[in-house]
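Report on the structure given below.
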Protein chains: 2
Amino acid sequence: MGDGDELLPQPDIQDIRLEKVLQALGDPVRLQLMAIYAREGEQCDCDPRRFGLQHLHKSTVSHHMKVLREAGVTSTKVVGRNRHVRLRKEELDERFPGLVDTLLAAMDD
Amino acid sequence: MGDGDELLPQPDIQDIRLEKVLQALGDPVRLQLMAIYAREGEQCDCDPRRFGLQHLHKSTVSHHMKVLREAGVTSTKVVGRNRHVRLRKEELDERFPGLVDTLLAAMDD
DNA sequence: GGTAAGGTTGGACGCACGTCAAACAATAGA
DNA sequence: TCTATTGTTTGACGTGCGTCCAACCTTACC
């Protein structure tokens, strides 16, 4: 493995649109997902449904993941039959300085 | 006037929800509206339709204003037959530090 | 008072969204 | 190879959203 790993399609940094990011994060489930991946760090293969999202169907989670990825919020690598997802923090920080940290801080209350 | 001025219903600071704010700002028109009111400052009675939103019906603008207000983004005071709208910057800064400035900065590109 | 102007409200329409269910594809492990 | 696991895709359903239009309500100004 390592060679067969495939990166799922995602927008380039300069193509990340603020509206798309805000729209993606406007959904409570996806906002929660962002927080999960921010906390879990690099390339975790954590199943979101073990982090307070148990009630959601797997296809629903898959849908939300796609929205986050296509908005440029997350990056997904295929590893075997799992998906390693990470928050694109460095890229988002470069594109929209302070946004991710601000949002994460805003969620603590 | 001054006595008859009425503040349209809006959430208290502690009741402002991040998801609601993000959802409200996820629409390009409303994101633009926030930028307008951030630029125009205190209690401007500027008609949004003179700021690049000419194509929108007045009822559509009214709808967007309501969404922004109910999300806690803007504050609207009735003055005669006009509405004086302002961005609730201080309150948003207190509730979600750095969010407004981050978003405004992110729109410049 | 009558009329015009600024905004809101209600309904209608099309479209997108969040969710689930079932079927499918691909990989890991026995 | 067979089977179980992991995730995607497609379709369907209900709901909500963005928009316009028409009617309405206030207020300002002749």
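Starting from 1 in every chain, residues are counted up; chains themselves are A, B, ... following the order of the structure tokens, and ligands are numbered from 1 as listed.
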
Return the neighbours of chain D among the residues of chain B, cut-off 8 Å, counting only C-alpha atoms (C1' of nucleotides), as number ranges by chain.
-> B: 57, 60, 80-81

Hey, can you spit out that residue selection with C-alpha atoms as a PDB file, in the first residue's frame?
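Below you can see part_33.pdb, which holds the result:
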```
ATOM      1  CA  HIS B  57     -37.025  42.006  -6.246  1.00  0.00           C
ATOM      2  CA  THR B  60     -36.490  39.066  -2.054  1.00  0.00           C
ATOM      3  CA  GLY B  80     -40.313  56.293   9.429  1.00  0.00           C
ATOM      4  CA  ARG B  81     -40.865  54.272   6.330  1.00  0.00           C
TER       5      ARG B  81
END
```

Select, as a compact mmCIF listing (two decimals) with N, CA and C atoms (P, O5', C5', C4', C3', O3' and C1' of nucleotides), in the first residue's frame, those residues of chain C with any atom no more than 8 Å from chain B (distances computed using only C-alpha atoms (C1' of nucleotides)).
```
# COMPACT_ATOMS: atom_id res chain seq x y z
P DG C 6 -38.84 54.99 -2.25
O5' DG C 6 -39.09 54.10 -0.95
C5' DG C 6 -39.03 54.74 0.32
C4' DG C 6 -39.15 53.71 1.43
C3' DG C 6 -38.33 52.44 1.19
O3' DG C 6 -37.78 52.02 2.43
C1' DG C 6 -40.65 51.90 1.31
P DG C 7 -36.66 50.83 2.51
O5' DG C 7 -37.44 49.59 3.11
C5' DG C 7 -38.75 49.68 3.31
C4' DG C 7 -39.44 48.63 4.13
C3' DG C 7 -38.97 47.19 4.04
O3' DG C 7 -39.11 46.56 5.31
C1' DG C 7 -41.17 47.42 3.13
P DT C 8 -38.85 44.99 5.50
O5' DT C 8 -40.34 44.40 5.57
C5' DT C 8 -41.23 44.92 6.54
C4' DT C 8 -42.56 44.17 6.48
C3' DT C 8 -42.46 42.65 6.56
O3' DT C 8 -43.44 42.17 7.46
C1' DT C 8 -43.67 43.28 4.62
```

With a cut-off of 6 Å, could you pull out the residues of chain A touching chain B and give me the nearest pair of atoms for each, distance in Å to one decimal, using only C-alpha atoms, ordered by chain and ascending number, as JSON lines?
```
{"residue": "A:Glu19", "atom": "CA", "partner": "B:Gly26", "partner_atom": "CA", "distance": 5.1}
{"residue": "A:Leu22", "atom": "CA", "partner": "B:Gly26", "partner_atom": "CA", "distance": 4.8}
{"residue": "A:Gln23", "atom": "CA", "partner": "B:Gly26", "partner_atom": "CA", "distance": 4.1}
{"residue": "A:Gly26", "atom": "CA", "partner": "B:Gln23", "partner_atom": "CA", "distance": 4.1}
{"residue": "A:Phe96", "atom": "CA", "partner": "B:Ala106", "partner_atom": "CA", "distance": 5.2}
{"residue": "A:Leu99", "atom": "CA", "partner": "B:Thr102", "partner_atom": "CA", "distance": 5.9}
{"residue": "A:Thr102", "atom": "CA", "partner": "B:Leu99", "partner_atom": "CA", "distance": 5.9}
{"residue": "A:Ala106", "atom": "CA", "partner": "B:Phe96", "partner_atom": "CA", "distance": 5.2}
```

Kindly export the residues of the current selection with N, CA and C atoms, as a CSV table (one decimal), in the first residue's frame.
```
chain,number,residue,atom,x,y,z
A,19,GLU,N,-18.2,31.0,-0.1
A,19,GLU,CA,-19.6,30.7,0.0
A,19,GLU,C,-19.8,29.2,0.2
A,22,LEU,N,-18.8,28.1,3.7
A,22,LEU,CA,-19.8,28.5,4.7
A,22,LEU,C,-21.1,27.7,4.5
A,23,GLN,N,-21.5,27.4,3.3
A,23,GLN,CA,-22.7,26.7,3.0
A,23,GLN,C,-22.5,25.2,3.5
A,26,GLY,N,-22.7,25.2,7.2
A,26,GLY,CA,-23.9,25.7,7.7
A,26,GLY,C,-24.8,24.5,8.2
A,96,PHE,N,-8.0,31.3,3.7
A,96,PHE,CA,-8.8,32.2,4.5
A,96,PHE,C,-8.2,32.2,5.9
A,99,LEU,N,-9.8,31.5,9.6
A,99,LEU,CA,-11.2,31.0,9.6
A,99,LEU,C,-11.4,29.8,10.4
A,102,THR,N,-11.0,30.2,14.1
A,102,THR,CA,-12.1,31.0,14.6
A,102,THR,C,-13.4,30.2,14.8
A,106,ALA,N,-15.3,29.0,18.1
A,106,ALA,CA,-16.7,29.4,18.2
A,106,ALA,C,-17.6,28.3,18.6
```

Just list the residues in chain A DSSP gives strand (DSSP E or B) on the backbone, as number ranges by chain.
-> A: 6-7, 44, 74-79, 82-87

If you keep N, CA and C atoms, can you produce a file of those selected residues as a PDB file, in the first residue's frame?
```pdb
ATOM      1  N   GLU A   6      -5.314   6.315  -3.383  1.00  0.00           N
ATOM      2  CA  GLU A   6      -5.861   7.258  -4.342  1.00  0.00           C
ATOM      3  C   GLU A   6      -6.501   8.422  -3.609  1.00  0.00           C
ATOM      4  N   LEU A   7      -6.210   9.633  -4.096  1.00  0.00           N
ATOM      5  CA  LEU A   7      -6.791  10.821  -3.501  1.00  0.00           C
ATOM      6  C   LEU A   7      -8.085  11.147  -4.222  1.00  0.00           C
ATOM      7  N   CYS A  44      -6.777  10.545   9.970  1.00  0.00           N
ATOM      8  CA  CYS A  44      -7.430   9.549  10.807  1.00  0.00           C
ATOM      9  C   CYS A  44      -8.462   8.794   9.986  1.00  0.00           C
ATOM     10  N   THR A  74     -12.225  19.202   3.479  1.00  0.00           N
ATOM     11  CA  THR A  74     -11.501  17.992   3.855  1.00  0.00           C
ATOM     12  C   THR A  74     -10.812  17.368   2.651  1.00  0.00           C
ATOM     13  N   SER A  75      -9.892  16.482   2.953  1.00  0.00           N
ATOM     14  CA  SER A  75      -9.187  15.718   1.929  1.00  0.00           C
ATOM     15  C   SER A  75      -9.331  14.244   2.261  1.00  0.00           C
ATOM     16  N   THR A  76      -9.635  13.451   1.258  1.00  0.00           N
ATOM     17  CA  THR A  76      -9.894  12.040   1.508  1.00  0.00           C
ATOM     18  C   THR A  76      -8.996  11.157   0.654  1.00  0.00           C
ATOM     19  N   LYS A  77      -8.314  10.249   1.336  1.00  0.00           N
ATOM     20  CA  LYS A  77      -7.439   9.305   0.646  1.00  0.00           C
ATOM     21  C   LYS A  77      -8.001   7.902   0.824  1.00  0.00           C
ATOM     22  N   VAL A  78      -8.065   7.165  -0.278  1.00  0.00           N
ATOM     23  CA  VAL A  78      -8.571   5.796  -0.228  1.00  0.00           C
ATOM     24  C   VAL A  78      -7.431   4.869   0.183  1.00  0.00           C
ATOM     25  N   VAL A  79      -7.626   4.169   1.286  1.00  0.00           N
ATOM     26  CA  VAL A  79      -6.635   3.217   1.782  1.00  0.00           C
ATOM     27  C   VAL A  79      -7.349   1.905   2.013  1.00  0.00           C
ATOM     28  N   ASN A  82     -10.898   1.501   3.456  1.00  0.00           N
ATOM     29  CA  ASN A  82     -11.190   2.622   4.349  1.00  0.00           C
ATOM     30  C   ASN A  82     -10.893   3.941   3.660  1.00  0.00           C
ATOM     31  N   ARG A  83     -11.366   5.031   4.265  1.00  0.00           N
ATOM     32  CA  ARG A  83     -11.063   6.374   3.775  1.00  0.00           C
ATOM     33  C   ARG A  83     -10.342   7.122   4.873  1.00  0.00           C
ATOM     34  N   HIS A  84      -9.163   7.629   4.551  1.00  0.00           N
ATOM     35  CA  HIS A  84      -8.442   8.445   5.510  1.00  0.00           C
ATOM     36  C   HIS A  84      -8.746   9.902   5.224  1.00  0.00           C
ATOM     37  N   VAL A  85      -9.427  10.516   6.144  1.00  0.00           N
ATOM     38  CA  VAL A  85      -9.886  11.890   5.969  1.00  0.00           C
ATOM     39  C   VAL A  85      -9.097  12.837   6.859  1.00  0.00           C
ATOM     40  N   ARG A  86      -8.756  13.997   6.306  1.00  0.00           N
ATOM     41  CA  ARG A  86      -8.108  15.010   7.135  1.00  0.00           C
ATOM     42  C   ARG A  86      -8.692  16.372   6.798  1.00  0.00           C
ATOM     43  N   LEU A  87      -8.620  17.256   7.772  1.00  0.00           N
ATOM     44  CA  LEU A  87      -9.018  18.636   7.562  1.00  0.00           C
ATOM     45  C   LEU A  87      -7.904  19.349   6.799  1.00  0.00           C
TER      46      LEU A  87
END
```

For atom CA of Glu91 of chain A and atom CA of Leu92 of chain B, the interatomic separation in Å (one decimal) | 25.6 Å

Report the residues of chain A whose backbone DSSP state falls under helix (DSSP H, G or I), written as an mmCIF file with C-alpha atoms, in the first residue's frame.
```cif
data_model
loop_
_atom_site.group_PDB
_atom_site.id
_atom_site.type_symbol
_atom_site.label_atom_id
_atom_site.label_comp_id
_atom_site.auth_asym_id
_atom_site.auth_seq_id
_atom_site.Cartn_x
_atom_site.Cartn_y
_atom_site.Cartn_z
ATOM 1 C CA ILE A 13 -6.548 25.849 -3.023
ATOM 2 C CA GLN A 14 -7.282 28.830 -5.220
ATOM 3 C CA ASP A 15 -10.585 27.294 -6.283
ATOM 4 C CA LEU A 18 -15.869 31.038 0.741
ATOM 5 C CA GLU A 19 -19.580 30.681 0.045
ATOM 6 C CA LYS A 20 -19.180 26.981 -0.571
ATOM 7 C CA VAL A 21 -17.256 26.558 2.662
ATOM 8 C CA LEU A 22 -19.843 28.490 4.662
ATOM 9 C CA GLN A 23 -22.674 26.652 2.995
ATOM 10 C CA ALA A 24 -21.031 23.308 3.747
ATOM 11 C CA LEU A 25 -20.422 24.263 7.361
ATOM 12 C CA PRO A 28 -24.846 20.985 11.949
ATOM 13 C CA VAL A 29 -23.702 17.498 10.965
ATOM 14 C CA ARG A 30 -20.933 18.777 8.740
ATOM 15 C CA LEU A 31 -19.876 21.379 11.272
ATOM 16 C CA GLN A 32 -19.537 18.559 13.765
ATOM 17 C CA LEU A 33 -17.580 16.514 11.238
ATOM 18 C CA MET A 34 -15.114 19.355 10.774
ATOM 19 C CA ALA A 35 -14.617 19.545 14.528
ATOM 20 C CA ILE A 36 -14.027 15.801 14.676
ATOM 21 C CA TYR A 37 -11.353 15.852 12.006
ATOM 22 C CA ALA A 38 -9.761 18.939 13.514
ATOM 23 C CA ARG A 39 -9.456 17.114 16.817
ATOM 24 C CA GLU A 40 -8.341 13.800 15.401
ATOM 25 C CA PRO A 48 -17.677 9.524 12.124
ATOM 26 C CA ARG A 49 -20.522 7.399 13.346
ATOM 27 C CA ARG A 50 -18.568 6.542 16.450
ATOM 28 C CA LYS A 58 -23.901 5.364 6.246
ATOM 29 C CA SER A 59 -24.987 6.745 2.914
ATOM 30 C CA THR A 60 -25.926 10.005 4.610
ATOM 31 C CA VAL A 61 -22.476 10.290 6.140
ATOM 32 C CA SER A 62 -20.953 9.497 2.770
ATOM 33 C CA HIS A 63 -22.980 12.311 1.269
ATOM 34 C CA HIS A 64 -21.804 14.816 3.876
ATOM 35 C CA MET A 65 -18.229 13.749 3.353
ATOM 36 C CA LYS A 66 -18.549 14.420 -0.339
ATOM 37 C CA VAL A 67 -19.957 17.892 0.289
ATOM 38 C CA LEU A 68 -17.107 18.752 2.658
ATOM 39 C CA ARG A 69 -14.520 17.421 0.240
ATOM 40 C CA GLU A 70 -15.938 19.228 -2.785
ATOM 41 C CA ALA A 71 -16.100 22.447 -0.792
ATOM 42 C CA LYS A 89 -6.084 23.138 7.686
ATOM 43 C CA GLU A 90 -2.884 24.499 6.208
ATOM 44 C CA GLU A 91 -4.536 25.164 2.873
ATOM 45 C CA LEU A 92 -7.591 26.760 4.435
ATOM 46 C CA ASP A 93 -5.342 28.887 6.636
ATOM 47 C CA GLU A 94 -3.518 30.082 3.553
ATOM 48 C CA ARG A 95 -6.706 30.781 1.659
ATOM 49 C CA LEU A 99 -11.172 31.036 9.584
ATOM 50 C CA VAL A 100 -10.763 27.461 10.796
ATOM 51 C CA ASP A 101 -9.423 28.425 14.214
ATOM 52 C CA THR A 102 -12.150 31.009 14.609
ATOM 53 C CA LEU A 103 -14.859 28.506 13.787
ATOM 54 C CA LEU A 104 -13.409 25.835 16.050
ATOM 55 C CA ALA A 105 -13.170 28.304 18.919
ATOM 56 C CA ALA A 106 -16.715 29.446 18.230
#
```

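With atom CA of Val73 of chain A on one side and atom CA of Gln10 of chain A on the other, the separation reads 9.1 Å.
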